[in-house]
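J.: My structure file input-v6.csv, CSV, C-alpha atoms and all ligand atoms, is below:
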chain,number,residue,atom,x,y,z
A,9,MET,CA,0.0,0.0,0.0
A,10,THR,CA,1.4,3.4,-1.0
A,11,GLN,CA,2.2,5.7,1.9
A,12,GLY,CA,2.5,9.3,0.6
A,13,LYS,CA,1.4,12.6,1.9
A,14,ASP,CA,-2.3,13.2,1.4
A,15,PRO,CA,-3.3,16.9,1.6
A,16,ALA,CA,-6.9,16.0,2.2
A,17,LEU,CA,-6.0,14.5,5.6
A,18,VAL,CA,-4.4,17.8,6.7
A,19,GLU,CA,-7.7,19.7,6.4
A,20,ILE,CA,-9.6,16.8,7.9
A,21,GLU,CA,-7.3,16.8,10.9
A,22,ARG,CA,-7.9,20.5,11.4
A,23,LYS,CA,-11.7,19.9,11.4
A,24,VAL,CA,-11.5,16.9,13.8
A,25,THR,CA,-9.4,18.8,16.3
A,26,ALA,CA,-11.7,21.8,16.1
A,27,GLY,CA,-14.8,19.6,16.7
A,28,ILE,CA,-16.2,20.3,13.3
A,29,PRO,CA,-18.4,17.4,11.9
A,30,LEU,CA,-16.8,15.8,8.8
A,31,SER,CA,-18.8,15.7,5.6
A,32,ILE,CA,-19.5,12.8,3.4
A,33,GLU,CA,-16.8,14.1,1.0
A,34,ASP,CA,-14.4,14.0,3.9
A,35,GLY,CA,-15.4,10.5,4.7
A,36,LEU,CA,-14.7,9.5,1.1
A,37,SER,CA,-11.3,11.0,1.3
A,38,LEU,CA,-10.6,8.9,4.4
A,39,TYR,CA,-11.8,5.7,2.8
A,40,ARG,CA,-9.7,6.4,-0.3
A,41,THR,CA,-6.5,7.8,1.1
A,42,PRO,CA,-3.5,5.7,0.2
A,43,ASN,CA,-1.9,6.7,3.5
A,44,LEU,CA,-3.3,4.1,5.9
A,45,HIS,CA,-0.8,4.8,8.6
A,46,GLU,CA,-1.8,8.5,8.7
A,47,LEU,CA,-5.5,7.5,8.7
A,48,GLY,CA,-4.7,5.3,11.7
A,49,ARG,CA,-2.9,8.1,13.5
A,50,LEU,CA,-5.8,10.5,13.1
A,51,ALA,CA,-8.3,8.0,14.4
A,52,ARG,CA,-6.0,6.9,17.3
A,53,ASP,CA,-5.5,10.6,18.3
A,54,GLN,CA,-9.3,11.1,18.3
A,55,LYS,CA,-9.8,7.8,20.3
A,56,GLU,CA,-7.3,9.1,22.9
A,57,ARG,CA,-9.0,12.5,23.1
A,58,LYS,CA,-12.2,10.6,24.0
A,59,SER,CA,-11.1,7.7,26.3
A,60,GLY,CA,-7.4,8.3,26.8
A,61,LYS,CA,-5.5,5.0,27.2
A,62,LYS,CA,-8.5,3.0,28.3
A,63,VAL,CA,-9.9,0.1,26.3
A,64,PHE,CA,-13.1,-1.5,27.6
A,65,TYR,CA,-14.5,-5.0,27.8
A,66,VAL,CA,-17.4,-6.6,29.7
A,67,LEU,CA,-18.0,-9.8,31.5
A,68,ASN,CA,-21.3,-10.8,30.0
A,69,ARG,CA,-23.7,-13.6,29.2
A,70,TYR,CA,-24.7,-13.8,25.5
A,71,ILE,CA,-27.8,-15.8,24.5
A,72,ASN,CA,-29.8,-16.2,21.3
A,73,SER,CA,-33.1,-17.2,22.7
A,74,THR,CA,-34.8,-18.1,19.4
A,75,ASN,CA,-33.8,-18.4,15.8
A,76,ILE,CA,-37.3,-18.5,14.4
A,77,CYS,CA,-37.9,-15.5,12.1
A,78,TYR,CA,-40.0,-14.7,9.1
A,79,ALA,CA,-38.4,-11.4,8.1
A,80,ASN,CA,-36.3,-13.0,5.4
A,81,CYS,CA,-33.4,-10.6,5.4
A,82,ARG,CA,-31.2,-11.6,2.5
A,83,PHE,CA,-27.9,-11.4,4.4
A,84,CYS,CA,-29.2,-13.6,7.3
A,85,SER,CA,-27.9,-17.2,7.8
A,86,PHE,CA,-29.4,-17.4,11.3
A,87,ALA,CA,-33.1,-17.4,10.9
A,88,VAL,CA,-35.1,-20.6,10.4
A,89,ASP,CA,-38.6,-21.5,9.3
A,90,GLU,CA,-40.0,-23.6,12.2
A,91,PHE,CA,-42.0,-25.7,9.9
A,92,LYS,CA,-39.5,-26.4,7.1
A,93,GLU,CA,-36.3,-26.6,9.1
A,94,LYS,CA,-37.4,-28.4,12.3
A,95,ASP,CA,-34.0,-29.8,13.1
A,96,ARG,CA,-32.4,-26.4,13.3
A,97,VAL,CA,-35.0,-24.7,15.5
A,98,VAL,CA,-33.9,-23.1,18.8
A,99,ARG,CA,-36.8,-21.7,20.8
A,100,MET,CA,-36.0,-21.5,24.5
A,101,PRO,CA,-38.6,-21.4,27.2
A,102,ALA,CA,-38.1,-18.5,29.6
A,103,ASP,CA,-36.8,-20.9,32.3
A,104,GLU,CA,-34.2,-22.2,30.0
A,105,VAL,CA,-32.9,-18.7,29.2
A,106,PHE,CA,-32.8,-17.9,32.9
A,107,ALA,CA,-30.9,-21.0,33.8
A,108,LYS,CA,-28.5,-20.6,30.8
A,109,ALA,CA,-27.5,-17.1,32.0
A,110,LEU,CA,-26.5,-18.6,35.4
A,111,GLU,CA,-24.9,-21.9,34.4
A,112,THR,CA,-21.3,-20.6,34.6
A,113,GLY,CA,-21.7,-18.5,37.7
A,114,THR,CA,-23.0,-15.0,38.5
A,115,ASN,CA,-19.9,-12.9,38.1
A,116,PHE,CA,-20.9,-10.8,35.1
A,117,ASN,CA,-22.2,-7.3,34.5
A,118,GLN,CA,-24.4,-7.7,31.4
A,119,ILE,CA,-27.0,-10.1,30.0
A,120,HIS,CA,-27.1,-9.7,26.2
A,121,ILE,CA,-30.0,-11.4,24.5
A,122,VAL,CA,-31.2,-11.1,20.9
A,123,GLY,CA,-33.3,-13.3,18.7
A,124,GLY,CA,-35.5,-13.6,15.6
A,125,HIS,CA,-39.1,-12.3,15.1
A,126,ASP,CA,-40.6,-15.4,16.7
A,127,PRO,CA,-44.4,-15.0,17.1
A,128,ARG,CA,-44.4,-17.4,20.1
A,129,GLN,CA,-41.6,-15.7,22.0
A,130,LEU,CA,-41.4,-12.0,21.0
A,131,SER,CA,-44.1,-10.6,23.2
A,132,LEU,CA,-44.5,-8.8,26.5
A,133,ASP,CA,-46.1,-11.9,28.1
A,134,TYR,CA,-42.8,-13.7,27.6
A,135,TRP,CA,-40.3,-11.0,28.3
A,136,LEU,CA,-41.7,-8.8,31.2
A,137,PRO,CA,-41.7,-11.7,33.8
A,138,LEU,CA,-38.3,-12.9,32.6
A,139,MET,CA,-36.8,-9.5,32.8
A,140,ARG,CA,-38.2,-9.0,36.4
A,141,ARG,CA,-36.8,-12.4,37.4
A,142,PHE,CA,-33.4,-11.4,36.1
A,143,LYS,CA,-33.5,-8.1,38.0
A,144,GLU,CA,-34.5,-9.8,41.2
A,145,ALA,CA,-31.9,-12.6,41.0
A,146,LEU,CA,-29.0,-10.5,39.5
A,147,PRO,CA,-29.4,-6.9,40.4
A,148,HIS,CA,-25.8,-6.3,39.5
A,149,ALA,CA,-26.3,-7.4,35.9
A,150,GLN,CA,-27.6,-4.9,33.3
A,151,LEU,CA,-30.2,-6.1,30.8
A,152,SER,CA,-29.0,-5.4,27.3
A,153,LEU,CA,-31.9,-6.8,25.3
A,154,PHE,CA,-33.5,-6.7,21.9
A,155,THR,CA,-32.7,-4.6,18.8
A,156,ALA,CA,-35.0,-1.9,17.4
A,157,ALA,CA,-36.4,-4.5,15.0
A,158,GLU,CA,-37.6,-6.6,17.9
A,159,ILE,CA,-39.1,-3.6,19.6
A,160,ASP,CA,-40.8,-2.5,16.4
A,161,TYR,CA,-42.3,-6.1,16.1
A,162,MET,CA,-43.6,-6.1,19.7
A,163,ALA,CA,-45.1,-2.6,19.3
A,164,LYS,CA,-47.0,-3.7,16.2
A,165,ARG,CA,-48.0,-7.0,17.9
A,166,HIS,CA,-49.4,-5.3,21.0
A,167,ARG,CA,-50.7,-2.2,19.0
A,168,MET,CA,-48.7,0.1,21.1
A,169,SER,CA,-46.8,3.2,20.2
A,170,TYR,CA,-43.0,3.1,20.5
A,171,SER,CA,-43.3,5.3,23.6
A,172,GLU,CA,-45.8,2.9,25.2
A,173,ILE,CA,-43.8,-0.3,24.5
A,174,ILE,CA,-40.6,1.2,25.7
A,175,ALA,CA,-42.2,2.4,28.9
A,176,GLN,CA,-43.3,-1.2,29.6
A,177,LEU,CA,-39.8,-2.6,28.9
A,178,LYS,CA,-38.3,0.1,31.1
A,179,GLY,CA,-40.6,-0.7,33.9
A,180,ALA,CA,-39.4,-4.3,33.8
A,181,GLY,CA,-35.7,-3.3,34.1
A,182,LEU,CA,-34.4,-2.7,30.5
A,183,ASP,CA,-31.0,-0.9,30.8
A,184,ASN,CA,-29.7,-0.9,27.3
A,185,VAL,CA,-30.8,-1.9,23.7
A,186,ASN,CA,-28.3,-3.5,21.4
A,187,GLY,CA,-27.5,-1.7,18.2
A,188,GLY,CA,-28.4,-4.4,15.7
A,189,ALA,CA,-30.9,-4.2,12.9
A,190,ALA,CA,-29.5,-0.8,11.7
A,191,GLU,CA,-27.9,-2.6,8.7
A,192,ILE,CA,-27.7,0.3,6.2
A,193,PHE,CA,-30.2,3.1,6.4
A,194,ALA,CA,-30.0,4.2,2.7
A,195,GLU,CA,-33.5,3.4,1.5
A,196,GLU,CA,-32.7,1.8,-1.9
A,197,THR,CA,-30.1,-0.5,-0.5
A,198,ARG,CA,-32.1,-1.3,2.6
A,199,LYS,CA,-35.0,-2.4,0.4
A,200,LYS,CA,-32.8,-4.8,-1.4
A,201,ILE,CA,-31.2,-6.5,1.6
A,202,CYS,CA,-34.0,-6.4,4.3
A,203,PRO,CA,-37.3,-5.3,2.8
A,204,ASN,CA,-39.4,-6.7,5.7
A,205,LYS,CA,-37.4,-5.3,8.6
A,206,VAL,CA,-38.0,-2.1,10.5
A,207,GLU,CA,-37.4,0.9,8.3
A,208,GLY,CA,-34.3,3.0,8.9
A,209,GLU,CA,-36.2,6.1,10.0
A,210,SER,CA,-38.2,3.9,12.5
A,211,TRP,CA,-35.0,2.4,13.8
A,212,LEU,CA,-33.8,5.9,14.6
A,213,ALA,CA,-37.1,6.9,16.1
A,214,ILE,CA,-37.0,3.9,18.4
A,215,HIS,CA,-33.5,4.7,19.7
A,216,GLU,CA,-34.3,8.3,20.1
A,217,GLU,CA,-37.4,7.4,22.2
A,218,LEU,CA,-35.3,5.0,24.3
A,219,HIS,CA,-32.9,7.8,25.1
A,220,ARG,CA,-35.7,10.1,26.0
A,221,GLN,CA,-36.9,7.5,28.5
A,222,GLY,CA,-33.4,7.1,30.0
A,223,ILE,CA,-32.4,3.8,28.3
A,224,ALA,CA,-29.0,3.7,26.7
A,225,SER,CA,-28.3,2.1,23.4
A,226,ASN,CA,-25.6,1.2,20.8
A,227,ALA,CA,-25.7,1.5,17.0
A,228,THR,CA,-24.3,-0.8,14.3
A,229,MET,CA,-23.7,-0.8,10.6
A,230,LEU,CA,-23.6,-3.9,8.4
A,231,TYR,CA,-20.9,-3.3,5.7
A,232,GLY,CA,-19.2,-5.3,3.0
A,233,HIS,CA,-22.3,-6.5,1.0
A,234,ILE,CA,-24.0,-4.5,-1.8
A,235,GLU,CA,-23.8,-1.1,-0.2
A,236,SER,CA,-21.6,1.8,-1.6
A,237,LEU,CA,-19.1,3.9,0.4
A,238,GLU,CA,-21.7,6.7,0.1
A,239,ASP,CA,-24.3,4.5,1.8
A,240,ARG,CA,-21.9,3.8,4.6
A,241,LEU,CA,-21.1,7.5,5.1
A,242,ASP,CA,-24.8,8.5,4.9
A,243,HIS,CA,-25.4,5.9,7.6
A,244,LEU,CA,-22.8,7.4,9.9
A,245,VAL,CA,-24.1,11.0,9.3
A,246,ARG,CA,-27.7,9.9,10.1
A,247,LEU,CA,-26.4,8.3,13.4
A,248,ARG,CA,-24.5,11.5,14.2
A,249,GLN,CA,-27.6,13.6,13.6
A,250,SER,CA,-29.7,11.2,15.7
A,251,GLN,CA,-27.2,11.5,18.6
A,252,GLU,CA,-27.6,15.3,18.3
A,253,ARG,CA,-31.4,15.1,18.5
A,254,SER,CA,-31.6,12.7,21.3
A,255,PRO,CA,-28.3,11.8,23.0
A,256,GLY,CA,-27.9,8.3,24.5
A,257,TYR,CA,-25.9,6.1,22.1
A,258,ASN,CA,-22.8,4.8,23.9
A,259,ALA,CA,-20.9,2.8,21.2
A,260,PHE,CA,-20.9,2.4,17.5
A,261,VAL,CA,-20.2,-1.1,16.3
A,262,PRO,CA,-19.2,-1.8,12.7
A,263,LEU,CA,-20.4,-5.3,11.7
A,264,ALA,CA,-18.6,-7.0,8.8
A,265,PHE,CA,-20.9,-8.9,6.5
A,266,HIS,CA,-20.4,-12.7,6.6
A,267,PRO,CA,-21.3,-14.6,3.4
A,268,ASP,CA,-21.8,-18.3,4.3
A,269,GLY,CA,-25.3,-19.7,4.0
A,270,ASN,CA,-27.2,-16.6,2.8
A,271,GLU,CA,-28.5,-15.0,-0.4
A,272,LEU,CA,-25.7,-12.4,-0.6
A,273,ASN,CA,-23.0,-15.1,-0.7
A,274,ASP,CA,-21.5,-13.7,-3.9
A,275,CYS,CA,-20.4,-10.5,-2.0
A,276,GLY,CA,-17.7,-12.6,-0.3
A,277,TRP,CA,-15.7,-11.6,2.9
A,278,THR,CA,-14.5,-8.1,3.8
A,279,SER,CA,-10.8,-7.6,3.9
A,280,GLY,CA,-8.7,-6.8,6.9
A,281,VAL,CA,-7.8,-3.4,5.4
A,282,ASP,CA,-11.5,-2.5,4.8
A,283,ASP,CA,-12.2,-3.6,8.4
A,284,ILE,CA,-9.6,-1.3,10.0
A,285,ARG,CA,-10.4,1.6,7.6
A,286,THR,CA,-14.0,1.3,8.6
A,287,PHE,CA,-13.1,1.5,12.3
A,288,ALA,CA,-10.9,4.6,11.6
A,289,VAL,CA,-13.5,6.3,9.4
A,290,ALA,CA,-16.2,5.7,12.0
A,291,ARG,CA,-14.1,7.1,14.8
A,292,LEU,CA,-13.5,10.3,12.8
A,293,MET,CA,-17.0,10.8,11.4
A,294,LEU,CA,-18.8,10.1,14.7
A,295,HIS,CA,-17.3,12.9,16.8
A,296,ASN,CA,-20.3,12.8,19.2
A,297,PHE,CA,-20.1,9.0,20.0
A,298,ASP,CA,-17.9,8.2,23.0
A,299,HIS,CA,-17.0,4.6,22.0
A,300,ILE,CA,-16.2,2.6,18.9
A,301,LYS,CA,-16.4,-1.1,19.5
A,302,ALA,CA,-14.3,-3.8,17.8
A,303,TYR,CA,-16.5,-6.8,18.3
A,304,TRP,CA,-14.1,-9.8,18.3
A,305,MET,CA,-16.9,-12.3,17.3
A,306,ILE,CA,-17.3,-10.4,14.0
A,307,GLN,CA,-13.9,-9.3,12.8
A,308,GLY,CA,-11.9,-11.8,14.9
A,309,LEU,CA,-9.6,-11.1,17.8
A,310,LYS,CA,-6.5,-10.3,15.7
A,311,VAL,CA,-8.2,-7.7,13.5
A,312,CYS,CA,-9.9,-6.2,16.6
A,313,GLN,CA,-6.5,-5.9,18.4
A,314,VAL,CA,-5.2,-4.0,15.4
A,315,ALA,CA,-8.4,-1.9,15.4
A,316,LEU,CA,-7.3,-0.5,18.8
A,317,GLN,CA,-4.6,1.4,16.8
A,318,PHE,CA,-7.3,2.6,14.4
A,319,GLY,CA,-9.7,4.3,16.7
A,320,ALA,CA,-11.5,1.4,18.5
A,321,ASP,CA,-11.7,1.6,22.3
A,322,ASP,CA,-13.8,-1.5,23.2
A,323,MET,CA,-13.6,-5.2,22.5
A,324,ASP,CA,-17.1,-6.3,23.7
A,325,GLY,CA,-17.5,-9.2,26.0
A,326,THR,CA,-16.6,-12.6,27.2
A,327,HIS,CA,-19.9,-14.2,26.0
A,328,GLY,CA,-19.3,-16.6,28.9
A,329,SER,CA,-22.1,-19.2,29.1
A,330,THR,CA,-22.2,-22.6,27.6
A,331,ASP,CA,-24.7,-21.4,25.0
A,332,GLU,CA,-23.5,-20.8,21.5
A,333,GLU,CA,-23.7,-17.6,19.5
A,334,MET,CA,-25.6,-18.5,16.3
A,335,ILE,CA,-26.0,-15.3,14.3
A,336,TYR,CA,-22.4,-15.1,13.0
A,337,HIS,CA,-21.5,-18.7,13.5
A,338,SER,CA,-24.3,-19.6,11.0
A,339,ALA,CA,-22.7,-17.2,8.5
A,340,GLY,CA,-19.2,-18.6,8.7
A,341,THR,CA,-17.2,-16.7,11.4
A,342,SER,CA,-14.2,-18.6,12.5
A,343,SER,CA,-14.1,-16.8,15.9
A,344,GLY,CA,-14.6,-19.0,18.9
A,345,GLN,CA,-17.6,-18.8,21.3
A,346,HIS,CA,-16.0,-17.4,24.4
A,347,VAL,CA,-13.0,-15.2,25.4
A,348,ASP,CA,-11.5,-15.3,28.9
A,349,ASP,CA,-11.3,-11.8,30.4
A,350,ARG,CA,-7.6,-12.5,31.0
A,351,GLU,CA,-7.2,-12.8,27.3
A,352,PHE,CA,-8.9,-9.4,26.7
A,353,ARG,CA,-6.5,-7.8,29.2
A,354,ARG,CA,-3.5,-9.4,27.6
A,355,LEU,CA,-4.5,-8.3,24.1
A,356,ILE,CA,-5.3,-4.7,25.2
A,357,GLU,CA,-2.0,-4.4,27.3
A,358,GLU,CA,0.0,-5.7,24.4
A,359,SER,CA,-1.5,-2.9,22.2
A,360,GLY,CA,-0.2,-0.3,24.7
A,361,TYR,CA,-3.6,0.4,26.3
A,362,VAL,CA,-5.2,-0.1,29.8
A,363,PRO,CA,-7.9,-2.7,30.0
A,364,VAL,CA,-11.0,-1.5,31.8
A,365,ARG,CA,-13.9,-3.7,32.8
A,366,ARG,CA,-17.3,-2.1,32.3
A,367,ASN,CA,-21.0,-2.8,32.2
A,368,SER,CA,-23.5,-1.9,29.4
A,369,THR,CA,-23.5,1.8,30.3
A,370,TYR,CA,-19.8,2.1,30.7
A,371,GLN,CA,-19.6,2.2,34.5
A,372,GLU,CA,-16.2,0.9,35.4
A,373,PHE,CA,-15.3,-2.1,37.7
A,374,ALA,CA,-12.1,-3.4,39.1
A,375,TRP,CA,-11.0,-6.5,37.0
A,376,ASP,CA,-11.6,-8.8,40.0
A,377,TRP,CA,-14.9,-7.3,41.2
A,378,ALA,CA,-17.5,-9.9,42.2
A,379,PRO,CA,-21.2,-9.5,43.0
A,380,PRO,CA,-22.2,-9.7,46.6
A,381,ALA,CA,-24.5,-12.5,47.8
A,382,ALA,CA,-24.5,-14.4,44.5
A,383,GLU,CA,-25.7,-17.6,46.2
A,384,GLY,CA,-29.4,-16.5,46.2
A,385,ALA,CA,-29.5,-16.5,42.5
A,386,TYR,CA,-29.2,-20.3,42.3
A,387,GLU,CA,-32.2,-20.8,44.5
A,388,LEU,CA,-34.2,-18.7,42.0
A,389,VAL,CA,-33.0,-21.0,39.2
A,390,ARG,CA,-34.5,-24.0,41.0
A,391,ALA,CA,-37.7,-22.1,42.0
B,1,LIG,S1,-31.5,-10.6,10.4
B,1,LIG,FE1,-32.9,-10.7,12.1
B,1,LIG,S2,-34.8,-9.9,11.4
B,1,LIG,FE2,-33.6,-10.5,9.6
B,1,LIG,S3,-34.2,-12.6,9.1
B,1,LIG,FE3,-32.4,-12.7,10.4
B,1,LIG,S4,-33.2,-12.9,12.5
B,1,LIG,FE4,-34.9,-12.2,11.2
Do you think you could lay out the structure here as structure tokens?

T.:
Amino acid sequence: MTQGKDPALVEIERKVTAGIPLSIEDGLSLYRTPNLHELGRLARDQKERKSGKKVFYVLNRYINSTNICYANCRFCSFAVDEFKEKDRVVRMPADEVFAKALETGTNFNQIHIVGGHDPRQLSLDYWLPLMRRFKEALPHAQLSLFTAAEIDYMAKRHRMSYSEIIAQLKGAGLDNVNGGAAEIFAEETRKKICPNKVEGESWLAIHEELHRQGIASNATMLYGHIESLEDRLDHLVRLRQSQERSPGYNAFVPLAFHPDGNELNDCGWTSGVDDIRTFAVARLMLHNFDHIKAYWMIQGLKVCQVALQFGADDMDGTHGSTDEEMIYHSAGTSSGQHVDDREFRRLIEESGYVPVRRNSTYQEFAWDWAPPAAEGAYELVRA
């Protein structure tokens, strides 16, 4: 890769240090610059202005509670038709989800659950009692549940407004909503890849209402399929504007498209250079987001460790239960299922940063923090 001087980066650095939002044209210059090292330096400087030498990780429990879904997103390898693919169906009763979260102990700060649009699971009747049970047994663990697509589905099902359904979920203890289902907001592209999913403007409206009600959230972007660079930058600008209107996003998470077992298989895999460029561009475009997450399950631990030099300041979580992540493993990821927190600390320190354990809303914990009176939780499993 050529490494020459790029005058466009000089002007972009001036804007970034002055806190001036970058334009889509600036973003294109960042994506196209031949000087990858200078791009990395700009993003790293911006990361260090935001979070200094800290890089975050969370001890969490990750569960896919159902893979039944009829939205038929073309990039999806996870969803199954419960009648046609009976041998692949996963649909956990609430007791099973609860027990699964606890099966490797109670020392974690986040319960992260997402699933498909399953008509027999995605309802308030299923979720509100389960959420209250989690809160009673594990008051130290934040509930990081659903995506905006799941909230949109439940709102329609129960004929509630977004404000009403979110108030119900908040009342049962929802702390944070995961950033999935954002995919790509650009309407023409979105129609081609996920025509039946929540519309982009509704995704933004749901997150803005979450923030108004005091619930935090993250945001994602699915890249590396049929979208253009302009689509990616339009997506980032819409998120930046949404954060201006209704602050509450903590982290932006770039999700690399995985091609195995879905209709967009011809798009192939993203490259390591595209991955780290995307981390850097996101860090520079999203001046009003505090965190850029390098999610090891998606890009792999090695790329994510390099991403720490390209603007990322978070490596997501341990995923520590005996359950298996299905969304990306169905689509061909070669990442494992769990990462020990000692491994996060080793990778972060080797990159020259300071590992910091967090929860969903970025409260910080000592690495060896443990919840008090965890024994009571097991009695609730048996109840
Ligand atoms: S991406 Fe989500 S909403 Fe779309 S088909 Fe897959 S599980 Fe369903």

J.: Please compute the atom CA of Ala51 of chain A-atom CA of Leu36 of chain A distance, one decimal, in Å.

T.: 14.8 Å

J.: Would you mind listing what lies within 12 Å of segment 21-28 of chain A as a compact mmCIF listing (two decimals) with C-alpha atoms, in the coordinates of the input, with all atoms listed in the file counted and same-chain residues fewer than 6 positions away left out?

T.:
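Once written, part29.txt looks like this:
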# COMPACT_ATOMS: atom_id res chain seq x y z
CA ASP A 14 -2.30 13.20 1.40
CA PRO A 15 -3.30 16.90 1.60
CA ASP A 34 -14.40 14.00 3.90
CA GLY A 35 -15.40 10.50 4.70
CA SER A 37 -11.30 11.00 1.30
CA LEU A 38 -10.60 8.90 4.40
CA GLU A 46 -1.80 8.50 8.70
CA LEU A 47 -5.50 7.50 8.70
CA GLY A 48 -4.70 5.30 11.70
CA ARG A 49 -2.90 8.10 13.50
CA LEU A 50 -5.80 10.50 13.10
CA ALA A 51 -8.30 8.00 14.40
CA ARG A 52 -6.00 6.90 17.30
CA ASP A 53 -5.50 10.60 18.30
CA GLN A 54 -9.30 11.10 18.30
CA LYS A 55 -9.80 7.80 20.30
CA GLU A 56 -7.30 9.10 22.90
CA ARG A 57 -9.00 12.50 23.10
CA LYS A 58 -12.20 10.60 24.00
CA VAL A 289 -13.50 6.30 9.40
CA ARG A 291 -14.10 7.10 14.80
CA LEU A 292 -13.50 10.30 12.80
CA MET A 293 -17.00 10.80 11.40
CA LEU A 294 -18.80 10.10 14.70
CA HIS A 295 -17.30 12.90 16.80
CA ASN A 296 -20.30 12.80 19.20

J.: Considering all atoms listed in the file, state which residue in the set A:Leu67, A:Ala374, A:Asp283, A:Arg248 is at the smallest distance from Glu351 of chain A.

T.: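 Looking only at the distances to Glu351 of chain A, the closest residue turns out to be A:Leu67.
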
J.: Counting all atoms listed in the file, which protein, DNA or RNA residues come within 6 Å of ligand LIG 1 (chain B), given as a VMD selection string?

T.: chain A and resid 77 79 to 81 84 86 to 87 124 to 125 205

J.: Quick one: distance from atom CA of Leu153 of chain A to atom CA of Phe64 of chain A in Å, one decimal?

T.: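 Separating atom CA of Leu153 of chain A from atom CA of Phe64 of chain A is a distance of 19.7 Å.
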
J.: Name the residues in contact with Ala259 of chain A at a cut-off of 9 Å, using all atoms listed in the file, excluding same-chain residues fewer than 3 positions from it; report them as a PyMOL selection string.

T.: chain A and resi 187+225-228+297-301+322

J.: Could I get segment 93-104 of chain A from the block written out with N, CA, C and O atoms, as a compact mmCIF listing (two decimals), in the first residue's frame?

T.:
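Written output follows (result.txt):
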# COMPACT_ATOMS: atom_id res chain seq x y z
N GLU A 93 -37.64 -26.29 8.67
CA GLU A 93 -36.28 -26.65 9.13
C GLU A 93 -36.32 -27.06 10.60
O GLU A 93 -35.60 -26.50 11.43
N LYS A 94 -37.15 -28.05 10.88
CA LYS A 94 -37.41 -28.40 12.28
C LYS A 94 -36.15 -28.77 13.04
O LYS A 94 -36.02 -28.50 14.23
N ASP A 95 -35.18 -29.39 12.35
CA ASP A 95 -33.98 -29.85 13.07
C ASP A 95 -33.05 -28.69 13.46
O ASP A 95 -32.13 -28.88 14.24
N ARG A 96 -33.28 -27.50 12.91
CA ARG A 96 -32.41 -26.36 13.26
C ARG A 96 -33.06 -25.41 14.26
O ARG A 96 -32.43 -24.43 14.68
N VAL A 97 -34.28 -25.69 14.64
CA VAL A 97 -35.01 -24.73 15.47
C VAL A 97 -34.44 -24.64 16.89
O VAL A 97 -34.17 -25.65 17.53
N VAL A 98 -34.23 -23.40 17.35
CA VAL A 98 -33.93 -23.13 18.76
C VAL A 98 -35.01 -22.17 19.25
O VAL A 98 -35.20 -21.10 18.68
N ARG A 99 -35.75 -22.59 20.24
CA ARG A 99 -36.79 -21.71 20.84
C ARG A 99 -36.81 -22.03 22.33
O ARG A 99 -37.39 -23.01 22.76
N MET A 100 -36.12 -21.18 23.10
CA MET A 100 -35.95 -21.49 24.53
C MET A 100 -37.13 -21.00 25.35
O MET A 100 -37.50 -19.82 25.26
N PRO A 101 -37.69 -21.86 26.18
CA PRO A 101 -38.63 -21.36 27.18
C PRO A 101 -37.92 -20.39 28.12
O PRO A 101 -36.69 -20.44 28.26
N ALA A 102 -38.68 -19.52 28.78
CA ALA A 102 -38.07 -18.51 29.65
C ALA A 102 -37.20 -19.15 30.73
O ALA A 102 -36.12 -18.64 31.07
N ASP A 103 -37.64 -20.27 31.29
CA ASP A 103 -36.84 -20.94 32.34
C ASP A 103 -35.47 -21.34 31.81
O ASP A 103 -34.47 -21.28 32.53
N GLU A 104 -35.43 -21.76 30.56
CA GLU A 104 -34.15 -22.19 29.98
C GLU A 104 -33.22 -20.99 29.80
O GLU A 104 -32.02 -21.07 30.05
